[in-house]
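So this block is run.cif, mmCIF, C-alpha atoms:
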data_entry
loop_
_atom_site.group_PDB
_atom_site.id
_atom_site.type_symbol
_atom_site.label_atom_id
_atom_site.label_comp_id
_atom_site.auth_asym_id
_atom_site.auth_seq_id
_atom_site.Cartn_x
_atom_site.Cartn_y
_atom_site.Cartn_z
ATOM 1 C CA MET A 129 -36.258 -27.356 20.386
ATOM 2 C CA THR A 130 -37.799 -26.108 17.170
ATOM 3 C CA LEU A 131 -38.385 -22.559 16.116
ATOM 4 C CA SER A 132 -41.642 -21.368 14.684
ATOM 5 C CA PRO A 133 -41.716 -20.348 11.005
ATOM 6 C CA ALA A 134 -42.335 -16.726 12.029
ATOM 7 C CA VAL A 135 -39.183 -16.645 14.193
ATOM 8 C CA CYS A 136 -37.120 -18.257 11.410
ATOM 9 C CA ALA A 137 -38.427 -15.778 8.832
ATOM 10 C CA THR A 138 -37.688 -12.823 11.124
ATOM 11 C CA TRP A 139 -34.161 -14.059 11.857
ATOM 12 C CA SER A 140 -33.532 -14.701 8.170
ATOM 13 C CA ALA A 141 -34.665 -11.178 7.231
ATOM 14 C CA VAL A 142 -32.476 -9.597 9.955
ATOM 15 C CA ALA A 143 -29.471 -11.709 8.941
ATOM 16 C CA SER A 144 -29.947 -10.772 5.287
ATOM 17 C CA ASP A 145 -30.153 -7.062 6.115
ATOM 18 C CA THR A 146 -27.088 -7.258 8.370
ATOM 19 C CA LEU A 147 -25.101 -9.169 5.806
ATOM 20 C CA THR A 148 -26.075 -6.683 3.124
ATOM 21 C CA ASP A 149 -25.001 -3.780 5.362
ATOM 22 C CA LEU A 150 -21.734 -5.523 6.175
ATOM 23 C CA GLU A 151 -21.027 -6.265 2.535
ATOM 24 C CA ARG A 152 -21.807 -2.659 1.602
ATOM 25 C CA ASP A 153 -19.491 -1.324 4.342
ATOM 26 C CA LEU A 154 -16.674 -3.627 3.284
ATOM 27 C CA ALA A 155 -17.073 -2.664 -0.349
ATOM 28 C CA GLN A 156 -16.825 1.040 0.532
ATOM 29 C CA ASP A 157 -13.895 0.600 2.931
ATOM 30 C CA SER A 158 -11.805 -1.555 0.669
ATOM 31 C CA ALA A 159 -12.700 -0.030 -2.661
ATOM 32 C CA VAL A 160 -9.674 -0.393 -4.893
ATOM 33 C CA ASN A 161 -9.685 1.499 -8.133
ATOM 34 C CA PRO A 162 -8.006 -0.784 -10.661
ATOM 35 C CA ASP A 163 -7.259 2.229 -12.880
ATOM 36 C CA LEU A 164 -4.954 3.845 -10.312
ATOM 37 C CA PRO A 165 -1.326 2.705 -10.150
ATOM 38 C CA TRP A 166 0.389 1.624 -6.934
ATOM 39 C CA THR A 167 3.148 3.746 -5.416
ATOM 40 C CA VAL A 168 6.197 2.586 -3.469
ATOM 41 C CA VAL A 169 7.076 5.015 -0.681
ATOM 42 C CA VAL A 170 10.479 5.037 1.032
ATOM 43 C CA TRP A 171 10.534 6.498 4.535
ATOM 44 C CA ASP A 172 13.402 8.260 6.298
ATOM 45 C CA ASP A 173 15.220 6.211 8.897
ATOM 46 C CA PRO A 174 18.033 6.954 11.333
ATOM 47 C CA VAL A 175 20.153 3.998 10.202
ATOM 48 C CA ASN A 176 21.056 4.089 6.507
ATOM 49 C CA LEU A 177 23.635 6.470 5.090
ATOM 50 C CA MET A 178 22.461 8.837 2.370
ATOM 51 C CA SER A 179 25.071 7.435 -0.020
ATOM 52 C CA PHE A 180 23.730 3.924 0.559
ATOM 53 C CA VAL A 181 20.118 4.990 -0.113
ATOM 54 C CA THR A 182 21.268 6.621 -3.357
ATOM 55 C CA TYR A 183 23.098 3.419 -4.299
ATOM 56 C CA VAL A 184 19.970 1.328 -3.611
ATOM 57 C CA PHE A 185 17.805 3.598 -5.782
ATOM 58 C CA ARG A 186 20.317 3.345 -8.639
ATOM 59 C CA THR A 187 20.623 -0.420 -8.323
ATOM 60 C CA GLN A 188 16.993 -1.331 -7.635
ATOM 61 C CA PHE A 189 15.286 1.041 -10.056
ATOM 62 C CA GLY A 190 18.055 1.857 -12.547
ATOM 63 C CA TYR A 191 17.816 5.585 -11.814
ATOM 64 C CA SER A 192 20.584 7.935 -12.852
ATOM 65 C CA GLY A 193 22.865 9.216 -10.116
ATOM 66 C CA GLU A 194 21.157 12.603 -10.250
ATOM 67 C CA ARG A 195 17.605 11.178 -9.996
ATOM 68 C CA ALA A 196 18.613 8.765 -7.208
ATOM 69 C CA HIS A 197 20.209 11.655 -5.303
ATOM 70 C CA GLN A 198 17.068 13.831 -5.715
ATOM 71 C CA LEU A 199 14.850 11.059 -4.332
ATOM 72 C CA MET A 200 17.237 10.378 -1.462
ATOM 73 C CA MET A 201 17.234 14.083 -0.540
ATOM 74 C CA GLN A 202 13.431 14.109 -0.627
ATOM 75 C CA VAL A 203 13.378 11.164 1.779
ATOM 76 C CA HIS A 204 15.926 12.929 3.991
ATOM 77 C CA THR A 205 14.264 16.352 4.057
ATOM 78 C CA GLU A 206 10.544 15.507 3.779
ATOM 79 C CA GLY A 207 10.581 12.151 5.552
ATOM 80 C CA LYS A 208 9.374 10.143 2.567
ATOM 81 C CA ALA A 209 9.431 9.941 -1.217
ATOM 82 C CA ALA A 210 7.485 8.076 -3.866
ATOM 83 C CA VAL A 211 10.142 6.115 -5.721
ATOM 84 C CA PHE A 212 8.056 3.912 -8.032
ATOM 85 C CA SER A 213 4.588 3.797 -9.572
ATOM 86 C CA GLY A 214 3.118 0.830 -11.411
ATOM 87 C CA SER A 215 1.131 -2.366 -10.957
ATOM 88 C CA LYS A 216 0.386 -3.770 -7.527
ATOM 89 C CA GLU A 217 2.581 -6.794 -8.209
ATOM 90 C CA GLU A 218 5.558 -4.635 -9.207
ATOM 91 C CA ALA A 219 5.047 -2.393 -6.173
ATOM 92 C CA GLU A 220 4.981 -5.422 -3.874
ATOM 93 C CA ARG A 221 8.138 -6.788 -5.478
ATOM 94 C CA HIS A 222 10.018 -3.479 -5.156
ATOM 95 C CA THR A 223 8.848 -3.000 -1.561
ATOM 96 C CA THR A 224 10.080 -6.461 -0.618
ATOM 97 C CA ALA A 225 13.401 -5.802 -2.346
ATOM 98 C CA LEU A 226 13.806 -2.481 -0.517
ATOM 99 C CA HIS A 227 13.188 -4.298 2.778
ATOM 100 C CA THR A 228 15.942 -6.724 1.792
ATOM 101 C CA TRP A 229 18.259 -3.729 1.330
ATOM 102 C CA GLY A 230 17.261 -2.593 4.837
ATOM 103 C CA LEU A 231 15.167 0.427 3.840
ATOM 104 C CA TRP A 232 11.794 1.300 5.322
ATOM 105 C CA ALA A 233 9.275 1.107 2.475
ATOM 106 C CA THR A 234 5.552 0.691 1.957
ATOM 107 C CA PHE A 235 3.243 0.603 -1.042
ATOM 108 C CA GLU A 236 -0.218 2.042 -1.506
ATOM 109 C CA GLN A 237 -2.595 2.949 -4.256
ATOM 110 C CA ALA A 238 -1.517 6.208 -5.894
ATOM 111 C CA GLY A 239 -4.403 8.365 -4.656
ATOM 112 C CA GLU A 240 -3.459 7.705 -1.020
ATOM 113 C CA PHE A 241 0.051 9.203 -1.085
#
What is this structure when it is put down as structure tokens?
Amino acid sequence: MTLSPAVCATWSAVASDTLTDLERDLAQDSAVNPDLPWTVVVWDDPVNLMSFVTYVFRTQFGYSGERAHQLMMQVHTEGKAAVFSGSKEEAERHTTALHTWGLWATFEQAGEF
């Protein structure tokens, strides 16, 4: 079975328009602003002791006892806290490390938090 040139041209035009629309939608949905830093967010959980979370913040990020305690209290009272801001690679690394410690953590581009 062969298709006429008119059918092929019509299909090609429709496919091009659809692909263009799809590409445009994907570009809008997944627009990442390279100028914005990435933020690591730690979420409250019912498992870890507050003293342990403070210890993790001091060890993982090198925060002072006072700063680590402030962030831990923010997690405890507000349900989450931004504990780091930087490059995507650093945010991924810290998030993975926090998972290793047993904390619930995610990372996202700064404007989303």
*asked:* Just the number, please: distance in Å from atom CA of Gly207 of chain A to atom CA of Thr228 of chain A, one decimal.
replied: 20.0 Å
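Distance annotation: of A:Ala219, A:Ala238, A:Ala225, A:Val211, the residue with the minimal separation from Asn161 of chain A is A:Ala238; atom set is only C-alpha atoms.
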*asked:* So that I can see what lies close to segment 193-202 of chain A, please list as a ChimeraX atom specification the residues with an atom at most 8 Å from it, counting all atoms listed in the file and leaving out residues fewer than 3 positions away in the same chain.
replied: /A:178,181-183,185-186,205-211
Go ahead and save the residues from that selection, with C-alpha atoms, as a compact mmCIF listing (two decimals), in the frame of the given file.
# COMPACT_ATOMS: atom_id res chain seq x y z
CA MET A 178 22.46 8.84 2.37
CA VAL A 181 20.12 4.99 -0.11
CA THR A 182 21.27 6.62 -3.36
CA TYR A 183 23.10 3.42 -4.30
CA PHE A 185 17.80 3.60 -5.78
CA ARG A 186 20.32 3.34 -8.64
CA THR A 205 14.26 16.35 4.06
CA GLU A 206 10.54 15.51 3.78
CA GLY A 207 10.58 12.15 5.55
CA LYS A 208 9.37 10.14 2.57
CA ALA A 209 9.43 9.94 -1.22
CA ALA A 210 7.48 8.08 -3.87
CA VAL A 211 10.14 6.12 -5.72
What would the list of residues within 7 Å of (0.9, 3.6, -6.3) (file frame) look like as a PDB file with C-alpha atoms, keeping the file's coordinate frame, if only C-alpha atoms are what count?
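And here's result_20.pdb as it stands now:
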ATOM      1  CA  PRO A 165      -1.326   2.705 -10.150  1.00  0.00           C
ATOM      2  CA  TRP A 166       0.389   1.624  -6.934  1.00  0.00           C
ATOM      3  CA  THR A 167       3.148   3.746  -5.416  1.00  0.00           C
ATOM      4  CA  VAL A 168       6.197   2.586  -3.469  1.00  0.00           C
ATOM      5  CA  SER A 213       4.588   3.797  -9.572  1.00  0.00           C
ATOM      6  CA  GLY A 214       3.118   0.830 -11.411  1.00  0.00           C
ATOM      7  CA  PHE A 235       3.243   0.603  -1.042  1.00  0.00           C
ATOM      8  CA  GLU A 236      -0.218   2.042  -1.506  1.00  0.00           C
ATOM      9  CA  GLN A 237      -2.595   2.949  -4.256  1.00  0.00           C
ATOM     10  CA  ALA A 238      -1.517   6.208  -5.894  1.00  0.00           C
TER      11      ALA A 238
END
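Atom CA of Phe180 of chain A to atom CA of Ser192 of chain A spans 14.3 Å [interatomic distance, one decimal].
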*Find the distance between atom CA of Leu177 of chain A and atom CA of Thr234 of chain A and write it in Å to one decimal.*
19.2 Å
Draw an axis-aligned box over all listed atoms of segment 201-208 of chain A, pad each side with 4 Å, and write its centre and edge lengths in Å, one decimal, as JSON.
{"center_x": 13.3, "center_y": 13.2, "center_z": 2.5, "size_x": 15.9, "size_y": 14.2, "size_z": 14.2}
*Out of A:Thr224, A:Val203, A:Ser215, A:Asn176, which residue has the shortest atom-to-atom distance to Gln188 of chain A when counting all atoms listed in the file?*
A:Thr224
Picked residues, the PyMOL selection byres ((chain A and resi 232) around 9), as an mmCIF file with C-alpha atoms, in the frame of the given file:
data_model
loop_
_atom_site.group_PDB
_atom_site.id
_atom_site.type_symbol
_atom_site.label_atom_id
_atom_site.label_comp_id
_atom_site.auth_asym_id
_atom_site.auth_seq_id
_atom_site.Cartn_x
_atom_site.Cartn_y
_atom_site.Cartn_z
ATOM 1 C CA VAL A 169 7.076 5.015 -0.681
ATOM 2 C CA VAL A 170 10.479 5.037 1.032
ATOM 3 C CA TRP A 171 10.534 6.498 4.535
ATOM 4 C CA ASP A 172 13.402 8.260 6.298
ATOM 5 C CA ASP A 173 15.220 6.211 8.897
ATOM 6 C CA THR A 223 8.848 -3.000 -1.561
ATOM 7 C CA LEU A 226 13.806 -2.481 -0.517
ATOM 8 C CA HIS A 227 13.188 -4.298 2.778
ATOM 9 C CA GLY A 230 17.261 -2.593 4.837
ATOM 10 C CA LEU A 231 15.167 0.427 3.840
ATOM 11 C CA ALA A 233 9.275 1.107 2.475
ATOM 12 C CA THR A 234 5.552 0.691 1.957
#
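In this comparison, which uses all atoms listed in the file, the residue of A:Val184, A:Asp163, A:Phe189, A:Ser179 approaching Glu218 of chain A most closely is A:Phe189.
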